[in-house]
$ cat structure39.cif   # mmCIF, C-alpha atoms and all ligand atoms
data_target
#
loop_
_atom_site.label_atom_id
_atom_site.label_comp_id
_atom_site.auth_asym_id
_atom_site.auth_seq_id
_atom_site.Cartn_x
_atom_site.Cartn_y
_atom_site.Cartn_z
CA MET K 1 -0.95 -123.74 -137.98
CA ALA K 2 0.81 -127.02 -137.84
CA TYR K 3 -1.90 -129.62 -137.97
CA TYR K 4 -3.28 -131.26 -141.02
CA GLN K 5 -6.69 -130.54 -142.53
CA ARG K 6 -8.31 -131.39 -145.84
CA ARG K 7 -11.47 -130.25 -147.61
CA GLY K 8 -13.21 -131.13 -150.85
CA ASP K 9 -11.78 -133.04 -153.77
CA ILE K 10 -8.05 -133.75 -153.87
CA PRO K 11 -6.06 -136.47 -155.66
CA PRO K 12 -4.51 -139.33 -153.67
CA LYS K 13 -0.96 -138.27 -154.61
CA ARG K 14 0.32 -134.68 -154.51
CA HIS K 15 1.59 -133.04 -157.71
CA THR K 16 -0.22 -135.54 -159.94
CA GLN K 17 -3.00 -135.09 -162.50
CA HIS K 18 -6.36 -134.11 -161.03
CA ARG K 19 -9.28 -133.76 -163.46
CA ASP K 20 -12.97 -132.89 -163.43
CA THR K 21 -15.65 -135.27 -164.76
CA GLU K 22 -15.05 -134.01 -168.33
CA GLY K 23 -11.36 -134.74 -168.08
CA LYS K 24 -10.21 -131.10 -167.71
CA LEU K 25 -7.17 -130.65 -165.52
CA TYR K 26 -7.41 -128.70 -162.30
CA TYR K 27 -4.57 -126.28 -161.52
CA GLU K 28 -2.60 -127.05 -158.38
CA GLU K 29 -1.41 -124.09 -156.25
CA LEU K 30 1.15 -124.58 -153.49
CA MET K 31 0.75 -121.89 -150.84
CA GLY K 32 3.90 -122.32 -148.79
CA GLU K 33 5.55 -120.26 -146.07
CA GLU K 34 9.25 -119.47 -145.67
CA GLY K 35 10.25 -120.46 -149.17
CA PHE K 36 8.80 -123.98 -149.24
CA VAL K 37 10.40 -125.06 -145.94
CA SER K 38 7.55 -124.39 -143.52
CA ASP K 39 3.79 -124.95 -143.34
CA SER K 40 1.96 -125.16 -146.64
CA ALA K 41 -1.30 -126.03 -148.34
CA LEU K 42 -2.10 -127.42 -151.77
CA LEU K 43 -5.19 -125.96 -153.44
CA TYR K 44 -6.79 -127.20 -156.66
CA HIS K 45 -8.32 -124.49 -158.89
CA ARG K 46 -10.70 -124.89 -161.80
CA GLU K 47 -8.89 -122.10 -163.65
CA ILE K 48 -5.37 -120.67 -163.74
CA PRO K 49 -5.05 -118.60 -160.53
CA SER K 50 -2.39 -116.29 -162.02
CA ALA K 51 -4.59 -114.85 -164.79
CA VAL K 52 -5.01 -111.08 -164.31
CA VAL K 53 -6.46 -108.65 -166.86
CA ASP K 54 -5.72 -105.33 -165.16
CA ILE K 55 -3.59 -103.91 -162.35
CA ARG K 56 -3.99 -100.50 -160.69
CA ARG K 57 -3.06 -98.66 -157.53
CA TRP K 58 -5.12 -98.92 -154.31
CA VAL K 59 -4.67 -95.68 -152.39
CA LEU K 60 -4.66 -96.77 -148.76
CA PRO K 61 -6.04 -94.58 -145.97
CA ASP K 62 -3.48 -92.60 -143.96
CA GLN K 63 -0.65 -94.98 -142.95
CA GLU K 64 1.72 -92.38 -141.50
CA MET K 65 3.04 -93.11 -138.01
CA ILE K 66 4.89 -90.60 -135.81
CA PRO K 67 7.08 -91.28 -132.77
CA ASN K 68 5.48 -91.12 -129.33
CA GLU K 69 7.53 -88.06 -128.34
CA PRO K 70 7.66 -86.80 -125.67
CA LEU K 71 6.99 -90.24 -124.25
CA ARG K 72 3.43 -90.54 -122.91
CA PRO K 73 1.10 -93.30 -121.74
CA LEU K 74 -2.13 -92.91 -123.69
CA HIS K 75 -5.82 -93.70 -123.43
CA LEU K 76 -7.45 -93.94 -126.85
CA ARG K 77 -11.23 -93.92 -127.19
CA LEU K 78 -11.54 -95.94 -130.39
CA PRO K 79 -15.36 -95.76 -130.70
CA GLU K 80 -14.96 -92.02 -131.39
CA LEU K 81 -13.29 -92.88 -134.70
CA PHE K 82 -16.57 -93.99 -136.32
CA LYS K 83 -19.82 -92.05 -136.63
CA ALA K 84 -23.02 -94.12 -136.66
CA GLY K 85 -24.05 -92.63 -140.01
CA ASP K 86 -20.88 -93.86 -141.72
CA VAL K 87 -21.08 -97.50 -140.68
CA ASP K 88 -23.28 -98.71 -143.55
CA THR K 89 -20.70 -97.56 -146.09
CA THR K 90 -17.66 -98.74 -144.13
CA ASP K 91 -16.17 -102.17 -144.72
CA ALA K 92 -13.77 -104.20 -142.61
CA VAL K 93 -10.86 -103.89 -145.05
CA THR K 94 -10.78 -100.46 -146.69
CA GLY K 95 -12.45 -98.73 -143.71
CA ARG K 96 -9.80 -99.60 -141.10
CA ARG K 97 -8.35 -96.73 -139.11
CA LEU K 98 -4.68 -97.32 -138.31
CA VAL K 99 -4.02 -96.65 -134.63
CA LEU K 100 -0.54 -97.83 -133.63
CA GLY K 101 2.30 -99.60 -135.33
CA ASN K 102 5.98 -100.17 -135.91
CA ASP K 103 8.07 -102.19 -138.32
CA ASP K 104 6.73 -105.47 -136.89
CA VAL K 105 3.01 -104.97 -136.36
CA ARG K 106 0.14 -102.55 -137.01
CA ILE K 107 -3.06 -102.22 -134.98
CA SER K 108 -6.27 -100.90 -136.53
CA TYR K 109 -9.91 -100.61 -135.57
CA VAL K 110 -13.06 -100.68 -137.66
CA VAL K 111 -16.81 -100.45 -137.21
CA ALA K 112 -18.24 -101.88 -140.43
CA GLY K 113 -21.67 -102.57 -141.89
CA ASP K 114 -20.72 -102.99 -145.53
CA GLU K 115 -19.27 -105.96 -147.41
CA SER K 116 -15.55 -105.72 -148.05
CA PRO K 117 -13.91 -106.29 -151.41
CA LEU K 118 -11.81 -109.40 -151.92
CA TYR K 119 -8.54 -108.76 -150.14
CA ARG K 120 -5.20 -110.32 -149.41
CA ASN K 121 -2.46 -109.06 -147.12
CA ALA K 122 0.90 -109.77 -148.74
CA ILE K 123 2.92 -108.38 -145.82
CA GLY K 124 2.03 -110.73 -142.99
CA ASP K 125 -0.65 -112.66 -141.13
CA GLU K 126 -3.68 -110.89 -139.70
CA CYS K 127 -5.31 -111.65 -136.37
CA VAL K 128 -8.70 -109.94 -136.24
CA TYR K 129 -10.46 -109.85 -132.87
CA VAL K 130 -14.25 -109.53 -133.18
CA GLU K 131 -15.42 -107.21 -130.41
CA SER K 132 -19.10 -107.39 -131.38
CA GLY K 133 -21.36 -108.11 -134.34
CA ALA K 134 -20.81 -111.11 -136.57
CA ALA K 135 -19.64 -111.84 -140.08
CA THR K 136 -18.95 -114.53 -142.59
CA VAL K 137 -15.34 -114.45 -143.69
CA GLU K 138 -15.26 -116.02 -147.13
CA THR K 139 -11.79 -117.30 -147.97
CA VAL K 140 -10.16 -119.20 -150.79
CA PHE K 141 -10.11 -122.20 -148.39
CA GLY K 142 -13.82 -121.91 -147.45
CA ALA K 143 -15.92 -119.76 -145.15
CA LEU K 144 -15.35 -119.00 -141.47
CA ASP K 145 -18.05 -117.86 -139.05
CA ALA K 146 -16.78 -114.86 -137.09
CA ARG K 147 -18.67 -114.20 -133.87
CA PRO K 148 -18.03 -112.01 -130.84
CA GLY K 149 -14.85 -112.97 -129.05
CA ASP K 150 -13.33 -114.72 -132.04
CA TYR K 151 -9.79 -114.23 -133.12
CA VAL K 152 -9.84 -114.74 -136.88
CA VAL K 153 -6.34 -115.73 -137.99
CA LEU K 154 -5.72 -115.19 -141.68
CA PRO K 155 -2.37 -116.35 -143.04
CA ARG K 156 -0.47 -113.98 -145.27
CA ALA K 157 -1.70 -114.03 -148.89
CA THR K 158 -5.05 -115.64 -148.06
CA THR K 159 -7.65 -114.16 -150.42
CA HIS K 160 -10.76 -113.36 -148.41
CA ARG K 161 -13.57 -110.91 -147.78
CA TRP K 162 -15.64 -109.82 -144.79
CA LEU K 163 -19.44 -110.01 -145.02
CA PRO K 164 -21.03 -108.56 -141.86
CA ASP K 165 -24.30 -110.00 -140.62
CA GLY K 166 -26.43 -106.87 -140.46
CA SER K 167 -28.94 -108.48 -138.11
CA ARG K 168 -26.26 -108.62 -135.39
CA GLY K 169 -25.41 -104.90 -135.47
CA PRO K 170 -22.25 -103.45 -136.95
CA LEU K 171 -19.11 -105.53 -136.99
CA LYS K 172 -16.61 -104.03 -134.55
CA ALA K 173 -13.14 -105.44 -135.04
CA TYR K 174 -9.68 -104.86 -133.61
CA ILE K 175 -7.11 -105.84 -136.18
CA VAL K 176 -3.54 -106.93 -135.53
CA GLU K 177 -1.55 -107.08 -138.76
CA GLY K 178 1.86 -108.69 -138.41
CA ASN K 179 4.81 -108.26 -140.71
CA SER K 180 5.38 -111.94 -139.98
CA HIS K 181 3.36 -115.03 -139.23
CA ILE K 182 1.06 -115.16 -136.21
CA THR K 183 0.91 -118.54 -134.47
CA PRO K 184 -0.05 -119.98 -131.11
CA ALA K 185 2.76 -119.36 -128.65
CA ARG K 186 5.58 -121.67 -129.62
CA ARG K 187 6.12 -122.80 -126.03
CA TYR K 188 2.61 -124.34 -126.12
CA LEU K 189 3.68 -126.71 -128.88
CA SER K 190 5.51 -130.01 -128.82
CA ARG K 191 8.60 -130.29 -130.98
CA PHE K 192 6.34 -131.80 -133.64
CA GLY K 193 3.72 -129.07 -133.36
CA GLN K 194 0.99 -130.62 -131.19
CA MET K 195 -0.44 -128.36 -128.51
CA LEU K 196 0.87 -129.40 -125.11
CA GLU K 197 -1.19 -130.47 -122.12
CA GLN K 198 -0.23 -127.33 -120.19
CA ALA K 199 -1.37 -124.98 -122.97
CA PRO K 200 -4.49 -122.94 -122.10
CA PHE K 201 -6.21 -124.09 -125.30
CA CYS K 202 -5.85 -126.94 -127.77
CA GLU K 203 -6.58 -127.96 -131.34
CA ARG K 204 -10.25 -128.66 -130.56
CA ASP K 205 -10.68 -124.94 -129.88
CA LEU K 206 -9.43 -123.95 -133.35
CA HIS K 207 -12.05 -123.88 -136.09
CA GLY K 208 -11.01 -124.12 -139.72
CA PRO K 209 -12.94 -123.25 -142.87
CA GLY K 210 -16.05 -124.99 -144.16
CA ASP K 211 -16.36 -126.47 -147.63
CA PRO K 212 -14.26 -125.06 -150.50
CA PRO K 213 -15.76 -121.85 -151.91
CA HIS K 214 -17.64 -121.35 -155.17
CA GLY K 215 -17.24 -117.85 -156.60
CA GLU K 216 -18.83 -116.90 -159.91
CA GLY K 217 -17.88 -114.31 -162.47
CA THR K 218 -14.93 -112.90 -164.36
CA ASP K 219 -12.84 -109.72 -164.07
CA VAL K 220 -12.90 -109.89 -160.26
CA GLU K 221 -11.08 -107.24 -158.20
CA VAL K 222 -8.72 -108.31 -155.43
CA TYR K 223 -7.30 -105.61 -153.13
CA ILE K 224 -3.71 -106.38 -152.13
CA LYS K 225 -1.78 -104.74 -149.30
CA HIS K 226 1.96 -105.10 -149.83
CA ARG K 227 5.30 -103.53 -149.10
CA GLY K 228 5.87 -100.17 -150.74
CA ALA K 229 8.40 -97.42 -151.10
CA GLY K 230 6.55 -94.69 -149.17
CA ALA K 231 7.36 -93.46 -145.66
CA SER K 232 5.06 -96.09 -144.16
CA GLY K 233 6.59 -98.88 -146.22
CA ILE K 234 3.03 -100.00 -147.02
CA ALA K 235 1.29 -99.80 -150.39
CA GLY K 236 -1.86 -101.09 -152.06
CA SER K 237 -2.70 -102.52 -155.47
CA VAL K 238 -5.81 -103.91 -157.11
CA HIS K 239 -5.45 -106.95 -159.32
CA VAL K 240 -8.36 -107.70 -161.63
CA SER K 241 -8.47 -111.45 -161.88
CA LEU K 242 -9.79 -113.08 -165.05
CA HIS K 243 -11.40 -115.86 -163.01
CA HIS K 244 -12.98 -115.70 -159.58
CA PRO K 245 -10.32 -116.72 -157.03
CA PHE K 246 -12.90 -118.80 -155.19
CA ASP K 247 -12.82 -121.65 -157.72
CA VAL K 248 -11.14 -124.20 -155.45
CA VAL K 249 -12.44 -127.76 -155.56
CA GLY K 250 -10.30 -129.03 -152.71
CA TRP K 251 -7.22 -128.42 -150.60
CA ASP K 252 -5.15 -129.98 -147.86
CA GLY K 253 -2.22 -129.07 -145.68
CA CYS K 254 -1.26 -127.30 -142.48
CA LEU K 255 -1.73 -123.70 -143.63
CA TYR K 256 -5.25 -122.27 -143.55
CA PRO K 257 -7.30 -119.61 -141.77
CA TYR K 258 -9.05 -120.45 -138.54
CA THR K 259 -10.89 -118.95 -135.59
CA PHE K 260 -10.30 -119.25 -131.87
CA ASN K 261 -12.83 -117.85 -129.42
CA ILE K 262 -11.56 -116.04 -126.36
CA SER K 263 -14.12 -117.87 -124.20
CA ASP K 264 -12.24 -121.11 -124.95
CA PHE K 265 -9.08 -119.77 -123.30
CA GLU K 266 -8.69 -121.54 -119.95
CA PRO K 267 -7.02 -119.06 -117.59
CA ILE K 268 -4.09 -120.13 -115.46
CA THR K 269 -4.40 -118.78 -111.92
CA GLY K 270 -2.35 -118.97 -108.76
CA ARG K 271 -2.06 -118.07 -105.08
CA VAL K 272 -0.30 -114.84 -106.00
CA HIS K 273 -0.42 -112.63 -109.05
CA GLN K 274 0.42 -114.46 -112.27
CA PRO K 275 2.57 -112.61 -114.81
CA PRO K 276 1.24 -111.71 -118.27
CA PRO K 277 2.91 -114.62 -120.12
CA VAL K 278 0.36 -117.04 -118.59
CA HIS K 279 -2.25 -115.10 -120.55
CA GLN K 280 -0.48 -115.46 -123.89
CA VAL K 281 -2.37 -116.75 -126.92
CA PHE K 282 -0.37 -115.94 -130.07
CA GLU K 283 2.99 -114.63 -131.11
CA GLY K 284 4.53 -112.98 -134.14
CA ASN K 285 7.99 -111.67 -134.82
CA ASN K 286 8.77 -109.13 -132.06
CA PHE K 287 5.27 -109.12 -130.56
CA VAL K 288 2.89 -111.30 -128.55
CA ILE K 289 -0.90 -111.36 -128.16
CA CYS K 290 -2.31 -112.13 -124.71
CA ASN K 291 -5.80 -111.97 -123.24
CA PHE K 292 -7.25 -111.37 -119.81
CA VAL K 293 -10.46 -113.34 -119.38
CA PRO K 294 -12.99 -113.63 -116.53
CA ARG K 295 -11.28 -115.71 -113.87
CA LYS K 296 -10.81 -116.54 -110.25
CA VAL K 297 -7.97 -114.50 -108.86
CA ASP K 298 -5.19 -114.91 -106.39
CA TYR K 299 -6.03 -116.94 -103.30
CA HIS K 300 -3.04 -116.44 -101.01
CA PRO K 301 -4.52 -114.97 -97.78
CA LEU K 302 -2.37 -111.83 -98.20
CA SER K 303 -2.54 -111.55 -101.98
CA ILE K 304 -3.14 -108.32 -103.91
CA PRO K 305 -5.09 -109.45 -106.99
CA VAL K 306 -4.44 -106.48 -109.31
CA PRO K 307 -0.98 -106.27 -110.86
CA TYR K 308 2.03 -104.83 -109.10
CA TYR K 309 3.45 -101.69 -110.68
CA HIS K 310 5.69 -102.75 -113.47
CA SER K 311 8.28 -101.43 -115.82
CA ASN K 312 7.98 -103.38 -119.04
CA VAL K 313 11.63 -102.86 -119.79
CA ASP K 314 11.74 -104.30 -123.29
CA SER K 315 8.23 -103.75 -124.60
CA ASP K 316 5.37 -101.37 -125.28
CA GLU K 317 2.04 -102.67 -123.98
CA VAL K 318 -1.29 -102.10 -125.71
CA MET K 319 -4.48 -103.09 -123.93
CA PHE K 320 -7.84 -103.29 -125.70
CA TYR K 321 -10.68 -103.39 -123.18
CA CYS K 322 -13.38 -105.59 -124.72
CA ARG K 323 -15.92 -106.13 -121.97
CA GLY K 324 -16.50 -106.14 -118.23
CA ASN K 325 -14.79 -104.02 -115.64
CA TYR K 326 -11.04 -103.95 -115.71
CA GLU K 327 -10.15 -103.83 -112.02
CA ALA K 328 -6.73 -102.23 -112.31
CA ARG K 329 -7.96 -99.37 -114.50
CA LYS K 330 -11.00 -98.30 -112.44
CA GLY K 331 -11.12 -94.53 -112.08
CA SER K 332 -9.21 -93.82 -115.28
CA GLY K 333 -12.17 -93.18 -117.60
CA ILE K 334 -11.52 -96.37 -119.54
CA GLY K 335 -14.61 -97.92 -121.10
CA GLN K 336 -15.74 -100.36 -123.74
CA ALA K 337 -13.29 -100.45 -126.69
CA SER K 338 -10.80 -98.17 -124.99
CA VAL K 339 -7.15 -98.77 -125.70
CA THR K 340 -4.26 -97.92 -123.42
CA LEU K 341 -0.65 -97.65 -124.48
CA HIS K 342 1.87 -98.19 -121.70
CA PRO K 343 5.22 -97.54 -123.34
CA GLY K 344 8.53 -98.90 -122.19
CA GLY K 345 10.24 -96.19 -120.14
CA HIS K 346 7.20 -95.40 -117.99
CA VAL K 347 6.40 -97.45 -114.88
CA HIS K 348 2.69 -98.27 -114.88
CA GLY K 349 0.22 -100.13 -112.73
CA PRO K 350 -3.20 -99.84 -111.12
CA GLN K 351 -4.93 -96.48 -110.87
CA PRO K 352 -5.06 -94.92 -107.37
CA GLY K 353 -7.28 -96.87 -105.01
CA ALA K 354 -7.52 -99.95 -107.25
CA TYR K 355 -4.57 -101.60 -105.50
CA GLU K 356 -6.24 -101.48 -102.10
CA ARG K 357 -9.78 -102.14 -103.34
CA SER K 358 -8.77 -105.38 -105.00
CA ILE K 359 -7.76 -107.00 -101.71
CA GLY K 360 -10.26 -109.70 -100.84
CA LEU K 361 -11.74 -109.97 -104.34
CA ASP K 362 -11.85 -113.51 -105.65
CA PHE K 363 -13.09 -112.97 -109.23
CA PHE K 364 -12.36 -110.49 -112.00
CA ASP K 365 -15.06 -110.06 -114.62
CA GLU K 366 -12.81 -108.54 -117.24
CA LEU K 367 -12.05 -109.17 -120.88
CA ALA K 368 -9.10 -107.53 -122.58
CA VAL K 369 -6.73 -108.27 -125.44
CA MET K 370 -3.13 -107.22 -125.01
CA VAL K 371 -0.44 -106.77 -127.62
CA ASP K 372 3.11 -106.39 -126.33
CA THR K 373 5.63 -105.20 -128.89
CA PHE K 374 9.36 -105.52 -128.46
CA ARG K 375 10.10 -102.37 -130.40
CA PRO K 376 8.51 -98.97 -129.69
CA LEU K 377 5.13 -98.19 -131.17
CA ARG K 378 4.46 -95.09 -133.23
CA LEU K 379 1.20 -93.19 -133.31
CA ALA K 380 -0.99 -93.35 -136.40
CA GLU K 381 -3.88 -91.05 -137.24
CA GLY K 382 -6.36 -93.21 -135.33
CA ALA K 383 -4.38 -92.68 -132.11
CA ARG K 384 -4.02 -88.97 -132.65
CA ALA K 385 -7.77 -88.63 -133.30
CA SER K 386 -8.92 -90.61 -130.24
CA ASP K 387 -6.36 -89.60 -127.55
CA ASP K 388 -8.18 -88.53 -124.36
CA GLY K 389 -5.29 -86.17 -123.61
CA ARG K 390 -5.25 -86.76 -119.86
CA TYR K 391 -4.47 -90.43 -119.19
CA ALA K 392 -0.87 -89.67 -118.24
CA TRP K 393 -2.06 -87.71 -115.21
CA THR K 394 -4.51 -90.30 -113.83
CA TRP K 395 -2.01 -91.76 -111.38
CA SER K 396 -1.03 -88.39 -109.88
CA GLY K 397 -4.37 -86.64 -110.13
CA ARG K 398 -2.76 -83.53 -111.61
CA GLY K 399 -0.93 -82.47 -114.73
CA PRO K 400 0.30 -79.31 -116.38
CA SER K 401 -3.24 -78.33 -117.38
CA THR K 402 -4.75 -78.90 -113.92
CA SER K 403 -3.99 -76.84 -110.82
CA ALA K 404 -2.11 -78.35 -107.90
FE FE K 501 0.97 -103.66 -117.76
#
$ encode --input "structure39.cif" --output "structure tokens" --more "lines below"
Ligand SMILES: [Fe+2]
Amino acid sequence: MAYYQRRGDIPPKRHTQHRDTEGKLYYEELMGEEGFVSDSALLYHREIPSAVVDIRRWVLPDQEMIPNEPLRPLHLRLPELFKAGDVDTTDAVTGRRLVLGNDDVRISYVVAGDESPLYRNAIGDECVYVESGAATVETVFGALDARPGDYVVLPRATTHRWLPDGSRGPLKAYIVEGNSHITPARRYLSRFGQMLEQAPFCERDLHGPGDPPHGEGTDVEVYIKHRGAGASGIAGSVHVSLHHPFDVVGWDGCLYPYTFNISDFEPITGRVHQPPPVHQVFEGNNFVICNFVPRKVDYHPLSIPVPYYHSNVDSDEVMFYCRGNYEARKGSGIGQASVTLHPGGHVHGPQPGAYERSIGLDFFDELAVMVDTFRPLRLAEGARASDDGRYAWTWSGRGPSTSA
């Protein structure tokens, strides 16, 4: 994120001696993207951050993804993936169920009540949408408060852990893991990186970490997700760090985790139906993240507020229904935390009746997060386990398993 922040104790000049009150040197870490030629941060550690005393394998849950063949639109009922009795022993890192993915992005879901281990994703940035519950996300930069509706954006290689607030119910989170960086849509930014006046949110809506963290202890495990040689291309390792990674006394720079709450997205509306790009929030390589928030809808006297039928020629579209009543999907069985996949190659649009019923409506009370991918998505075990098996027939009212 290209605007400057600083926390804690840093020296006036970068790459110069920085000492504690006893005269001991701090260890400077440059965390820099794209080989030192993009955004970066400088962190000052009490101890050497490279010191590890053991390394072992982390066996990840099922990461296999199979092609969506024959091509089908899908409705996935993600809440079915987690039983209430398992939540207390499920954490927001190791308990994720992989749902959809390709070589650019992976989408997971978790219902977690347990604290996660320390974790860093060495493949790409993560954008975690908090559906409900709350958590503290402790990071090497400082803590973030994660509350319902927050996108928690964690840059690649950020050491962090998720601590759910049990008094707020289980943490339900929809996780978008990029194989790249995830940033606000580039077209919202000036050539120097400031958010433009026409952007639907601005820097004031982004919330960075609190004070630098203070972790205690030695021989501390850090779970690392990284590229691997298996069929999924994903592997896990555990590094046992001699010193706690949260020993940072200060940092500054333009690279750090932050939150953005969906309620701070100011929707752009018009006389006739506005296309999905007006709802865009973030982008990664070969995918975008958009959201549909409660809003006034089209005010042309002859407008049809729900979308026209559309063939998303170059993308697969994944909708996560977070809250409210999604007008275009009424009658399809879609509920809270449902996901639909509308793959390229199938023309999709409102369910029967929704088109006509929307005429005259002036407000949609809907909340949904959409990921559009520019390469086809494959189905992971979470999709195969939560497929309702009948979504493809909801526009026609009949399918091969129902009589004519
Ligand atoms: Fe669509």
$ atom_distance --input "structure39.cif" --atom1 "atom CA of His243 of chain K" --atom2 "atom CA of Val222 of chain K"
11.0 Å
$ closest_atom_pairs --input "structure39.cif" --of "chain K" --to "ligand FE 501 (chain K)" --cutoff "12 Å" --atoms "all atoms listed in the file" --output "Markdown table"
| residue | atom | partner | partner_atom | distance |
| --- | --- | --- | --- | --- |
| K:Pro73 | CA | K:FE501 | FE | 11.1 |
| K:Pro275 | CA | K:FE501 | FE | 9.6 |
| K:Pro276 | CA | K:FE501 | FE | 8.1 |
| K:Pro277 | CA | K:FE501 | FE | 11.4 |
| K:Cys290 | CA | K:FE501 | FE | 11.4 |
| K:Phe292 | CA | K:FE501 | FE | 11.5 |
| K:Val306 | CA | K:FE501 | FE | 10.4 |
| K:Pro307 | CA | K:FE501 | FE | 7.6 |
| K:Tyr308 | CA | K:FE501 | FE | 8.8 |
| K:Tyr309 | CA | K:FE501 | FE | 7.8 |
| K:His310 | CA | K:FE501 | FE | 6.4 |
| K:Ser311 | CA | K:FE501 | FE | 7.9 |
| K:Asn312 | CA | K:FE501 | FE | 7.1 |
| K:Val313 | CA | K:FE501 | FE | 10.9 |
| K:Ser315 | CA | K:FE501 | FE | 10.0 |
| K:Asp316 | CA | K:FE501 | FE | 9.0 |
| K:Glu317 | CA | K:FE501 | FE | 6.4 |
| K:Val318 | CA | K:FE501 | FE | 8.4 |
| K:Met319 | CA | K:FE501 | FE | 8.3 |
| K:Phe320 | CA | K:FE501 | FE | 11.9 |
| K:Ala328 | CA | K:FE501 | FE | 9.5 |
| K:Arg329 | CA | K:FE501 | FE | 10.4 |
| K:Thr340 | CA | K:FE501 | FE | 9.6 |
| K:Leu341 | CA | K:FE501 | FE | 9.2 |
| K:His342 | CA | K:FE501 | FE | 6.8 |
| K:Pro343 | CA | K:FE501 | FE | 9.3 |
| K:Gly344 | CA | K:FE501 | FE | 10.0 |
| K:His346 | CA | K:FE501 | FE | 10.3 |
| K:Val347 | CA | K:FE501 | FE | 8.7 |
| K:His348 | CA | K:FE501 | FE | 6.3 |
| K:Gly349 | CA | K:FE501 | FE | 6.2 |
| K:Pro350 | CA | K:FE501 | FE | 8.7 |
| K:Gln351 | CA | K:FE501 | FE | 11.6 |
| K:Ala368 | CA | K:FE501 | FE | 11.8 |
| K:Val369 | CA | K:FE501 | FE | 11.8 |
| K:Met370 | CA | K:FE501 | FE | 9.1 |
| K:Val371 | CA | K:FE501 | FE | 10.4 |
| K:Asp372 | CA | K:FE501 | FE | 9.2 |
$ atom_distance --input "structure39.cif" --atom1 "atom CA of Ser237 of chain K" --atom2 "atom CA of Ile48 of chain K"
20.1 Å
$ closest_atom_pairs --input "structure39.cif" --of "segment 201-267 of chain K" --to "segment 184-187 of chain K" --cutoff "12 Å" --atoms "all atoms listed in the file" --output "tab-separated table"
residue	atom	partner	partner_atom	distance
K:Phe201	CA	K:Pro184	CA	9.4
K:Cys202	CA	K:Pro184	CA	9.7
K:Glu203	CA	K:Pro184	CA	10.3
K:Asp205	CA	K:Pro184	CA	11.8
K:Leu206	CA	K:Pro184	CA	10.4
K:Tyr258	CA	K:Pro184	CA	11.7
K:Thr259	CA	K:Pro184	CA	11.8
K:Phe260	CA	K:Pro184	CA	10.3
K:Phe265	CA	K:Pro184	CA	11.9
$ closest_residue --input "structure39.cif" --among "K:Thr394, K:Thr373, K:Gln17, K:Thr90" --to "Asp114 of chain K" --atoms "only C-alpha atoms"
K:Thr90
$ atom_distance --input "structure39.cif" --atom1 "atom CA of Pro212 of chain K" --atom2 "atom CA of Arg227 of chain K"
29.1 Å
$ residues_near_point --input "structure39.cif" --point "(-4.7, -89.9, -138.5)" --cutoff "12 Å" --atoms "only C-alpha atoms" --output "list in words"
Pro61, Asp62, Gln63, Glu64, Met65, Ile66, Leu81, Arg96, Arg97, Leu98, Val99, Leu100, Ser108, Arg378, Leu379, Ala380, Glu381, Gly382, Ala383, Arg384, Ala385, Ser386 and Asp387 of chain K
$ write_last_selection --input "structure39.cif" --atoms "C-alpha atoms" --output "PDB file, in the frame of the given file"
ATOM      1  CA  PRO K  61      -6.040 -94.580-145.970  1.00  0.00           C
ATOM      2  CA  ASP K  62      -3.480 -92.600-143.960  1.00  0.00           C
ATOM      3  CA  GLN K  63      -0.650 -94.980-142.950  1.00  0.00           C
ATOM      4  CA  GLU K  64       1.720 -92.380-141.500  1.00  0.00           C
ATOM      5  CA  MET K  65       3.040 -93.110-138.010  1.00  0.00           C
ATOM      6  CA  ILE K  66       4.890 -90.600-135.810  1.00  0.00           C
ATOM      7  CA  LEU K  81     -13.290 -92.880-134.700  1.00  0.00           C
ATOM      8  CA  ARG K  96      -9.800 -99.600-141.100  1.00  0.00           C
ATOM      9  CA  ARG K  97      -8.350 -96.730-139.110  1.00  0.00           C
ATOM     10  CA  LEU K  98      -4.680 -97.320-138.310  1.00  0.00           C
ATOM     11  CA  VAL K  99      -4.020 -96.650-134.630  1.00  0.00           C
ATOM     12  CA  LEU K 100      -0.540 -97.830-133.630  1.00  0.00           C
ATOM     13  CA  SER K 108      -6.270-100.900-136.530  1.00  0.00           C
ATOM     14  CA  ARG K 378       4.460 -95.090-133.230  1.00  0.00           C
ATOM     15  CA  LEU K 379       1.200 -93.190-133.310  1.00  0.00           C
ATOM     16  CA  ALA K 380      -0.990 -93.350-136.400  1.00  0.00           C
ATOM     17  CA  GLU K 381      -3.880 -91.050-137.240  1.00  0.00           C
ATOM     18  CA  GLY K 382      -6.360 -93.210-135.330  1.00  0.00           C
ATOM     19  CA  ALA K 383      -4.380 -92.680-132.110  1.00  0.00           C
ATOM     20  CA  ARG K 384      -4.020 -88.970-132.650  1.00  0.00           C
ATOM     21  CA  ALA K 385      -7.770 -88.630-133.300  1.00  0.00           C
ATOM     22  CA  SER K 386      -8.920 -90.610-130.240  1.00  0.00           C
ATOM     23  CA  ASP K 387      -6.360 -89.600-127.550  1.00  0.00           C
TER      24      ASP K 387
END
$ residues_around --input "structure39.cif" --residues "Asn179 of chain K" --least-positions-apart "2" --cutoff "12 Å" --atoms "all atoms listed in the file" --output "number ranges by chain"
K: 101-107, 121-127, 155-157, 176-177, 181-182, 225-227, 233-234, 283-287
